[in-house]
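Student: Before I ask anything, let me first share the structure, which is written out below as structure tokens.
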Amino acid sequence: MSQTPTSMVKLSAIDKTWADGTRALNSVDLEVPEGQFCVILGPSGAGKSTLLRSVNGLMRPTGGNVRVDGLELSSASERELRRRVAMIHQHFNLATRASVAANVLSGALPEVSMARALCGWFHPEQRKKACHYLERVGLKPEHLHRRAGELSGGQQQRVGIARAFMLDPKVVLADEPVASLDPQISRDILTLLKDAARELNATVICSLHQVDLAREFGDRIVGMRSGEIVFDGAPEEFDDQRLSRLYQNADWGDGQPGQVPEDSLELDSAGGM
Amino acid sequence: MNTRPIPVPPQGSRLHWHLDQPFRLKHLVIAVLILALLLITGHRTEMDRMVTMTTQAVGNLVGLNDESQVVRGLSKVADSMWPPQMATSEQVARINDFNANDIPLFARVENRETTTQRLNEDTLQLESTTETTEVLYDPLGYVKTVFGKMIETLEIALWGTLLAVSLSIPLAWFAASNYSPNRVTYTLARGFISLLRSVPELIVALFLVLAYGFGPIAGVLALGMHAAGFLGKFYAEDIENADKQPQEALEAIGAGKIKTVLYAVMPQVLPQYVAYTAYILDRNLRMATVIGLVGAGGIGQELKGRFDMYDYGHVMTILIAIFLFVFLLDQLSARIRSRMI
């Protein structure tokens, strides 16, 4: 397998079978070049989250290997690799009782000594950077000391994006970042994410379930169903016929055996950590 | 491209609906057994006699019968406990370095005349002699003594709580199943916490008084060890039950376990921790008054001394002081907690 110099994320033959025998991923290959905004589309339970989580090792694949920025994911390299891979979550995953400032600064924790972390005494550059990104995502200085949980959903996701960019990531994984936001705010958030990533030339892998947003923001669309990649191409190629085929039988698929809802996948893998 | 046919759920056959009553014979039998058990244990703990005596007491109070052991006992104690003792008087001659110009506030020197009847051996007649002694009378003297002892008790409670907190934080880390390094450390930590919690303070203090002698050291250690058993358990369970989402966010960037706990778990659990710790301080204050009974310092030593000398007026003063301190501490901790949330 020759590796092109621009390949940032390379997944080879990733398999994942849950303990109950459900196959979440079935020999998935995916290569994402540097700087690309790659959207993953698919019905609930298609394995989008599982695929994203395999990139930074939050989910351990049953088979296959993961390579990010030339570094192969293993338990030894995991910590080093995770510093280069930021993540944006569907439910924002902020410490809701902590301040906005503390949440953004916590994105720099891997680079902060234990003593500094204990006192909350971050480097001045990190404080400056936190302020810079908070301004960049459209928040105001008065938000700094507000509790994260007091902000609206859109504002919380802005904080999540600022936190994700604290370590200058090479790769940003966005797991349904706008699933719980209204359409206009979704568009704003994705624009922010795309622009911020472009400034750093960071690769973004973003799972979505809004097709119009996928077509608007994606440099590339990857369609997934039942743990397999069934479409991979430019947004223009993803026509309505392909769309309806991708979502066929997805209407009542949630509760059926063999199709595990996305939420339960998240719980399973979190418990397995 | 995958275009398999859309599967259709099978047509449902006739469903069998059935809704039972909530109780069956089994439950009735269990209820009868529980009742029988309650009757037996109630008799063994003299609950039947308690009911009889209480009824008599109530009857006595409303004038239906004229004899009640309970009322008699209680009124005897109440008579001797009221009024609470506030003053002290001490013979000036017994005070070292007495300085008449430097006496406590409100205190005064009084002359007391004491008349004693004595048999004159020469005349073989009873003579009364009057002696005048100078006495330092301090109307609030005993209140001051009790206040000083209460402060000492509060200090014992405070240090017991500090010791408990500093012991239980590392214990909680190892006793939280999602952060403990492995199964062995988890089991050891949980076992140690249970051990600390299972031995009552009074008994620990009894042994520690043998080891460290009379005084506050034994009290602080006894309170600290027992409370560490409580706090360790509660702290650990809060860490286990904390919302996983923020923790996952920090795990995903490789922040490490300790920093994840600091930044994703602590903000969530801190108000609860403050509440637990305030409760432990409150409990330690009450327990600190008790462990003085076995000589571990504080107001308890004074209380036991006065009780043994039948100075019930003094006992009353002490009890009022304990109530006031517990009440004030409760108000204070409620205020701190409301500011934290």
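If you're wondering about the labels, chains in the structure tokens are A, B, ... by order shown, residues count from 1 in each chain, ligands from 1 in order shown.
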Write out as a ChimeraX atom specification each polymer residue whose atoms come within 12 Å of Val274 (chain B), counting only C-alpha atoms; drop sequence neighbours fewer than 6 positions from it.
Tutor: /B:161,165,231,234-235,266-268,280-281,333-341
Student: Could you tell me which residues of chain B sit within 6 Å of chain A when counting only C-alpha atoms, and give me the result as a list in words?
Tutor: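 Selected residues: Ile6, Gln245, Pro246, Ile253, Gly254, Ala255, Ala264, Pro267 and Gln268 of chain B.
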Student: How would the residues just chosen look if you wrote them out with C-alpha atoms as a compact mmCIF listing (two decimals), in the first residue's frame?
Tutor:
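Heads up, here's the output in out-v6.txt:
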# COMPACT_ATOMS: atom_id res chain seq x y z
CA ILE B 6 -37.28 -3.34 1.83
CA GLN B 245 -19.95 13.23 28.04
CA PRO B 246 -17.48 15.90 29.21
CA ILE B 253 -7.85 14.64 23.09
CA GLY B 254 -5.63 12.50 25.34
CA ALA B 255 -5.76 14.68 28.45
CA ALA B 264 -14.70 17.19 33.55
CA PRO B 267 -17.06 20.91 38.32
CA GLN B 268 -20.04 18.55 38.32
Student: Excluding Val135 (chain B) and its own-chain neighbours fewer than 4 positions away, which residues fall within 12 Å of it when counting only C-alpha atoms? Please give them as a list of chain:residue names.
Tutor: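 Near neighbours after the sequence-gap exclusion: B:Thr88, B:Ser89, B:Glu90, B:Gln91, B:Val92, B:Ala93, B:Arg94, B:Ile95, B:Phe98, B:Ala100, B:Ile103, B:Ala107, B:Arg108, B:Val109, B:Glu110, B:Asn111, B:Arg112, B:Glu113, B:Thr114.
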Student: Limited to N, CA and C atoms, could you put the picked residues into a file as a short mmCIF file (atom, residue, chain, number, x, y, z; two decimals), in the first residue's frame?
Tutor:
data_model
loop_
_atom_site.label_atom_id
_atom_site.label_comp_id
_atom_site.auth_asym_id
_atom_site.auth_seq_id
_atom_site.Cartn_x
_atom_site.Cartn_y
_atom_site.Cartn_z
N THR B 88 -19.91 31.21 88.44
CA THR B 88 -18.93 30.48 89.23
C THR B 88 -18.55 31.37 90.40
N SER B 89 -18.28 30.77 91.53
CA SER B 89 -17.69 31.53 92.62
C SER B 89 -16.52 30.73 93.17
N GLU B 90 -15.45 31.43 93.41
CA GLU B 90 -14.24 30.75 93.81
C GLU B 90 -13.59 31.54 94.94
N GLN B 91 -13.10 30.84 95.91
CA GLN B 91 -12.46 31.54 97.02
C GLN B 91 -11.20 32.23 96.54
N VAL B 92 -11.13 33.51 96.90
CA VAL B 92 -9.97 34.30 96.45
C VAL B 92 -8.68 33.69 96.97
N ALA B 93 -8.73 33.16 98.16
CA ALA B 93 -7.52 32.61 98.76
C ALA B 93 -6.95 31.46 97.93
N ARG B 94 -7.81 30.82 97.13
CA ARG B 94 -7.34 29.67 96.37
C ARG B 94 -6.83 30.04 94.98
N ILE B 95 -7.03 31.31 94.59
CA ILE B 95 -6.59 31.72 93.26
C ILE B 95 -5.14 32.17 93.34
N PHE B 98 -3.76 36.38 92.76
CA PHE B 98 -5.02 37.12 92.63
C PHE B 98 -4.74 38.61 92.61
N ALA B 100 -6.84 42.12 92.57
CA ALA B 100 -8.18 42.67 92.72
C ALA B 100 -8.51 43.69 91.65
N ILE B 103 -9.84 41.72 87.37
CA ILE B 103 -10.77 40.59 87.44
C ILE B 103 -11.62 40.60 86.17
N ALA B 107 -17.43 40.38 86.82
CA ALA B 107 -17.14 39.62 88.04
C ALA B 107 -16.93 40.59 89.20
N ARG B 108 -17.19 40.12 90.39
CA ARG B 108 -16.95 40.97 91.56
C ARG B 108 -16.49 40.11 92.72
N VAL B 109 -15.86 40.80 93.65
CA VAL B 109 -15.39 40.10 94.84
C VAL B 109 -16.44 40.31 95.93
N GLU B 110 -16.88 39.23 96.49
CA GLU B 110 -17.91 39.32 97.53
C GLU B 110 -17.37 38.75 98.82
N ASN B 111 -17.95 39.24 99.89
CA ASN B 111 -17.64 38.62 101.17
C ASN B 111 -18.78 37.70 101.54
N ARG B 112 -18.43 36.49 101.82
CA ARG B 112 -19.46 35.53 102.20
C ARG B 112 -19.28 35.17 103.66
N GLU B 113 -20.37 35.13 104.31
CA GLU B 113 -20.30 34.69 105.71
C GLU B 113 -20.82 33.28 105.80
N THR B 114 -20.02 32.46 106.34
CA THR B 114 -20.49 31.09 106.54
C THR B 114 -20.53 30.82 108.03
#
Student: Would you list the contacts of region 220-224 of chain A as a ChimeraX atom specification, taking every protein, DNA or RNA residue within 6 Å and counting only C-alpha atoms, but skipping same-chain residues closer than 4 positions in sequence?
Tutor: /A:38-42,46,228-235
Student: Keeping only N, CA and C atoms, write the selected residues to a file as a short mmCIF file (atom, residue, chain, number, x, y, z; two decimals), in the first residue's frame.
Tutor:
data_model
loop_
_atom_site.label_atom_id
_atom_site.label_comp_id
_atom_site.auth_asym_id
_atom_site.auth_seq_id
_atom_site.Cartn_x
_atom_site.Cartn_y
_atom_site.Cartn_z
N CYS A 38 -14.62 16.33 4.70
CA CYS A 38 -15.27 15.11 4.26
C CYS A 38 -16.51 14.86 5.09
N VAL A 39 -17.67 14.78 4.41
CA VAL A 39 -18.93 14.59 5.13
C VAL A 39 -19.33 13.12 5.04
N ILE A 40 -19.73 12.55 6.17
CA ILE A 40 -20.22 11.18 6.17
C ILE A 40 -21.73 11.23 6.37
N LEU A 41 -22.46 10.66 5.43
CA LEU A 41 -23.91 10.68 5.46
C LEU A 41 -24.42 9.26 5.65
N GLY A 42 -25.61 9.17 6.19
CA GLY A 42 -26.20 7.83 6.29
C GLY A 42 -27.27 7.79 7.34
N ALA A 46 -26.01 3.52 10.85
CA ALA A 46 -25.20 3.11 9.71
C ALA A 46 -23.74 2.89 10.11
N GLU A 228 -21.21 -0.17 6.07
CA GLU A 228 -20.39 -0.23 4.86
C GLU A 228 -20.46 1.09 4.13
N ILE A 229 -19.38 1.40 3.41
CA ILE A 229 -19.41 2.61 2.60
C ILE A 229 -20.08 2.26 1.27
N VAL A 230 -21.22 2.92 0.97
CA VAL A 230 -21.95 2.58 -0.24
C VAL A 230 -21.84 3.69 -1.28
N PHE A 231 -21.28 4.82 -0.90
CA PHE A 231 -21.08 5.89 -1.87
C PHE A 231 -19.87 6.69 -1.43
N ASP A 232 -19.08 7.12 -2.39
CA ASP A 232 -17.92 7.94 -2.07
C ASP A 232 -17.63 8.81 -3.27
N GLY A 233 -17.91 10.10 -3.17
CA GLY A 233 -17.68 10.95 -4.33
C GLY A 233 -17.92 12.41 -4.03
N ALA A 234 -17.86 13.22 -5.09
CA ALA A 234 -18.07 14.66 -4.92
C ALA A 234 -19.55 14.92 -4.66
N PRO A 235 -19.88 16.05 -4.01
CA PRO A 235 -21.28 16.36 -3.71
C PRO A 235 -22.15 16.37 -4.97
#
Student: Per residue of region 17-108 of chain A within 9 Å of region 134-143 of chain A, note the shortest atom pair and the distance in Å to one decimal, counting only C-alpha atoms, and order the rows by chain and increasing residue number, as CSV.
Tutor:
residue,atom,partner,partner_atom,distance
A:Ser99,CA,A:His143,CA,8.5
A:Val100,CA,A:His143,CA,6.7
A:Ala101,CA,A:His143,CA,8.2
A:Val104,CA,A:Leu134,CA,8.1
Student: Save out the residues we just selected, C-alpha atoms, as an mmCIF file, in the first residue's frame.
Tutor:
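Dumped everything to selection23.cif:
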data_model
loop_
_atom_site.group_PDB
_atom_site.id
_atom_site.type_symbol
_atom_site.label_atom_id
_atom_site.label_comp_id
_atom_site.auth_asym_id
_atom_site.auth_seq_id
_atom_site.Cartn_x
_atom_site.Cartn_y
_atom_site.Cartn_z
ATOM 1 C CA SER A 99 -17.066 28.432 33.084
ATOM 2 C CA VAL A 100 -16.783 28.909 29.339
ATOM 3 C CA ALA A 101 -13.140 29.902 29.849
ATOM 4 C CA VAL A 104 -12.018 26.174 26.274
#
Student: Tell me, as a ChimeraX atom specification, which residues lie within 7 Å of Ile14 (chain A), counting only C-alpha atoms; anything in the same chain fewer than 4 positions away does not count.
Tutor: /A:25-29,61,63-65
Student: Running DSSP on the backbone, which parts of region 62-258 of chain B land in strand (DSSP E), as number ranges by chain?
Tutor: B: 88-91, 108-120, 125-138
Student: Could you write out that same residue set with N, CA and C atoms as a PDB file, in the first residue's frame?
Tutor:
ATOM      1  N   THR B  88     -19.908  31.210  88.438  1.00  0.00           N
ATOM      2  CA  THR B  88     -18.926  30.479  89.231  1.00  0.00           C
ATOM      3  C   THR B  88     -18.554  31.367  90.405  1.00  0.00           C
ATOM      4  N   SER B  89     -18.276  30.766  91.529  1.00  0.00           N
ATOM      5  CA  SER B  89     -17.686  31.529  92.622  1.00  0.00           C
ATOM      6  C   SER B  89     -16.521  30.728  93.170  1.00  0.00           C
ATOM      7  N   GLU B  90     -15.453  31.427  93.406  1.00  0.00           N
ATOM      8  CA  GLU B  90     -14.235  30.752  93.805  1.00  0.00           C
ATOM      9  C   GLU B  90     -13.588  31.538  94.936  1.00  0.00           C
ATOM     10  N   GLN B  91     -13.096  30.844  95.907  1.00  0.00           N
ATOM     11  CA  GLN B  91     -12.457  31.543  97.023  1.00  0.00           C
ATOM     12  C   GLN B  91     -11.201  32.230  96.543  1.00  0.00           C
ATOM     13  N   ARG B 108     -17.187  40.120  90.394  1.00  0.00           N
ATOM     14  CA  ARG B 108     -16.952  40.968  91.558  1.00  0.00           C
ATOM     15  C   ARG B 108     -16.489  40.105  92.722  1.00  0.00           C
ATOM     16  N   VAL B 109     -15.858  40.798  93.647  1.00  0.00           N
ATOM     17  CA  VAL B 109     -15.394  40.099  94.844  1.00  0.00           C
ATOM     18  C   VAL B 109     -16.438  40.315  95.926  1.00  0.00           C
ATOM     19  N   GLU B 110     -16.879  39.230  96.490  1.00  0.00           N
ATOM     20  CA  GLU B 110     -17.907  39.319  97.526  1.00  0.00           C
ATOM     21  C   GLU B 110     -17.366  38.750  98.820  1.00  0.00           C
ATOM     22  N   ASN B 111     -17.947  39.237  99.891  1.00  0.00           N
ATOM     23  CA  ASN B 111     -17.641  38.620 101.172  1.00  0.00           C
ATOM     24  C   ASN B 111     -18.778  37.696 101.538  1.00  0.00           C
ATOM     25  N   ARG B 112     -18.427  36.490 101.820  1.00  0.00           N
ATOM     26  CA  ARG B 112     -19.464  35.534 102.202  1.00  0.00           C
ATOM     27  C   ARG B 112     -19.280  35.168 103.658  1.00  0.00           C
ATOM     28  N   GLU B 113     -20.372  35.126 104.313  1.00  0.00           N
ATOM     29  CA  GLU B 113     -20.301  34.691 105.707  1.00  0.00           C
ATOM     30  C   GLU B 113     -20.824  33.284 105.797  1.00  0.00           C
ATOM     31  N   THR B 114     -20.023  32.459 106.343  1.00  0.00           N
ATOM     32  CA  THR B 114     -20.494  31.095 106.537  1.00  0.00           C
ATOM     33  C   THR B 114     -20.531  30.821 108.030  1.00  0.00           C
ATOM     34  N   THR B 115     -21.675  30.373 108.482  1.00  0.00           N
ATOM     35  CA  THR B 115     -21.842  30.093 109.907  1.00  0.00           C
ATOM     36  C   THR B 115     -21.767  28.595 110.120  1.00  0.00           C
ATOM     37  N   THR B 116     -20.895  28.187 110.994  1.00  0.00           N
ATOM     38  CA  THR B 116     -20.789  26.768 111.293  1.00  0.00           C
ATOM     39  C   THR B 116     -20.994  26.551 112.778  1.00  0.00           C
ATOM     40  N   GLN B 117     -21.669  25.508 113.130  1.00  0.00           N
ATOM     41  CA  GLN B 117     -21.873  25.149 114.531  1.00  0.00           C
ATOM     42  C   GLN B 117     -20.749  24.210 114.944  1.00  0.00           C
ATOM     43  N   ARG B 118     -20.154  24.545 116.002  1.00  0.00           N
ATOM     44  CA  ARG B 118     -19.052  23.701 116.435  1.00  0.00           C
ATOM     45  C   ARG B 118     -19.150  23.442 117.947  1.00  0.00           C
ATOM     46  N   LEU B 119     -18.728  22.291 118.374  1.00  0.00           N
ATOM     47  CA  LEU B 119     -18.761  21.943 119.798  1.00  0.00           C
ATOM     48  C   LEU B 119     -17.488  22.476 120.456  1.00  0.00           C
ATOM     49  N   ASN B 120     -17.717  23.309 121.463  1.00  0.00           N
ATOM     50  CA  ASN B 120     -16.569  23.790 122.205  1.00  0.00           C
ATOM     51  C   ASN B 120     -16.177  22.718 123.207  1.00  0.00           C
ATOM     52  N   GLN B 125     -20.362  23.016 124.885  1.00  0.00           N
ATOM     53  CA  GLN B 125     -21.583  23.622 124.347  1.00  0.00           C
ATOM     54  C   GLN B 125     -21.402  23.900 122.862  1.00  0.00           C
ATOM     55  N   LEU B 126     -22.508  23.898 122.179  1.00  0.00           N
ATOM     56  CA  LEU B 126     -22.442  24.204 120.751  1.00  0.00           C
ATOM     57  C   LEU B 126     -22.294  25.699 120.560  1.00  0.00           C
ATOM     58  N   GLU B 127     -21.321  26.097 119.814  1.00  0.00           N
ATOM     59  CA  GLU B 127     -21.141  27.507 119.531  1.00  0.00           C
ATOM     60  C   GLU B 127     -21.209  27.699 118.031  1.00  0.00           C
ATOM     61  N   SER B 128     -21.819  28.785 117.647  1.00  0.00           N
ATOM     62  CA  SER B 128     -21.780  29.042 116.215  1.00  0.00           C
ATOM     63  C   SER B 128     -20.704  30.071 115.922  1.00  0.00           C
ATOM     64  N   THR B 129     -19.848  29.741 115.008  1.00  0.00           N
ATOM     65  CA  THR B 129     -18.801  30.673 114.611  1.00  0.00           C
ATOM     66  C   THR B 129     -19.086  31.156 113.209  1.00  0.00           C
ATOM     67  N   THR B 130     -18.812  32.394 112.976  1.00  0.00           N
ATOM     68  CA  THR B 130     -19.038  32.948 111.656  1.00  0.00           C
ATOM     69  C   THR B 130     -17.705  33.297 111.029  1.00  0.00           C
ATOM     70  N   GLU B 131     -17.499  32.727 109.847  1.00  0.00           N
ATOM     71  CA  GLU B 131     -16.269  33.035 109.137  1.00  0.00           C
ATOM     72  C   GLU B 131     -16.602  33.861 107.915  1.00  0.00           C
ATOM     73  N   THR B 132     -15.778  34.814 107.636  1.00  0.00           N
ATOM     74  CA  THR B 132     -15.989  35.595 106.425  1.00  0.00           C
ATOM     75  C   THR B 132     -14.894  35.235 105.432  1.00  0.00           C
ATOM     76  N   THR B 133     -15.325  34.813 104.220  1.00  0.00           N
ATOM     77  CA  THR B 133     -14.335  34.520 103.173  1.00  0.00           C
ATOM     78  C   THR B 133     -14.577  35.442 101.999  1.00  0.00           C
ATOM     79  N   GLU B 134     -13.499  35.787 101.389  1.00  0.00           N
ATOM     80  CA  GLU B 134     -13.585  36.591 100.180  1.00  0.00           C
ATOM     81  C   GLU B 134     -13.775  35.658  98.996  1.00  0.00           C
ATOM     82  N   VAL B 135     -14.788  35.934  98.185  1.00  0.00           N
ATOM     83  CA  VAL B 135     -15.108  35.040  97.061  1.00  0.00           C
ATOM     84  C   VAL B 135     -15.142  35.869  95.773  1.00  0.00           C
ATOM     85  N   LEU B 136     -14.543  35.327  94.720  1.00  0.00           N
ATOM     86  CA  LEU B 136     -14.658  35.983  93.414  1.00  0.00           C
ATOM     87  C   LEU B 136     -15.889  35.400  92.735  1.00  0.00           C
ATOM     88  N   TYR B 137     -16.913  36.256  92.585  1.00  0.00           N
ATOM     89  CA  TYR B 137     -18.158  35.782  91.991  1.00  0.00           C
ATOM     90  C   TYR B 137     -18.234  36.275  90.561  1.00  0.00           C
ATOM     91  N   ASP B 138     -18.310  35.336  89.625  1.00  0.00           N
ATOM     92  CA  ASP B 138     -18.404  35.712  88.205  1.00  0.00           C
ATOM     93  C   ASP B 138     -19.737  35.220  87.677  1.00  0.00           C
TER      94      ASP B 138
END
Student: Please compute the CA of Gly313 (chain B)-CA of Val146 (chain B) distance, one decimal, in Å.
Tutor: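 One can read the CA of Gly313 (chain B) to CA of Val146 (chain B) distance as 12.5 Å.
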Student: Suppose you want the space between CA of Ile322 (chain B) and CA of Arg286 (chain B); what is it in Å?
Tutor: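 Between CA of Ile322 (chain B) and CA of Arg286 (chain B) the gap is 7.7 Å.
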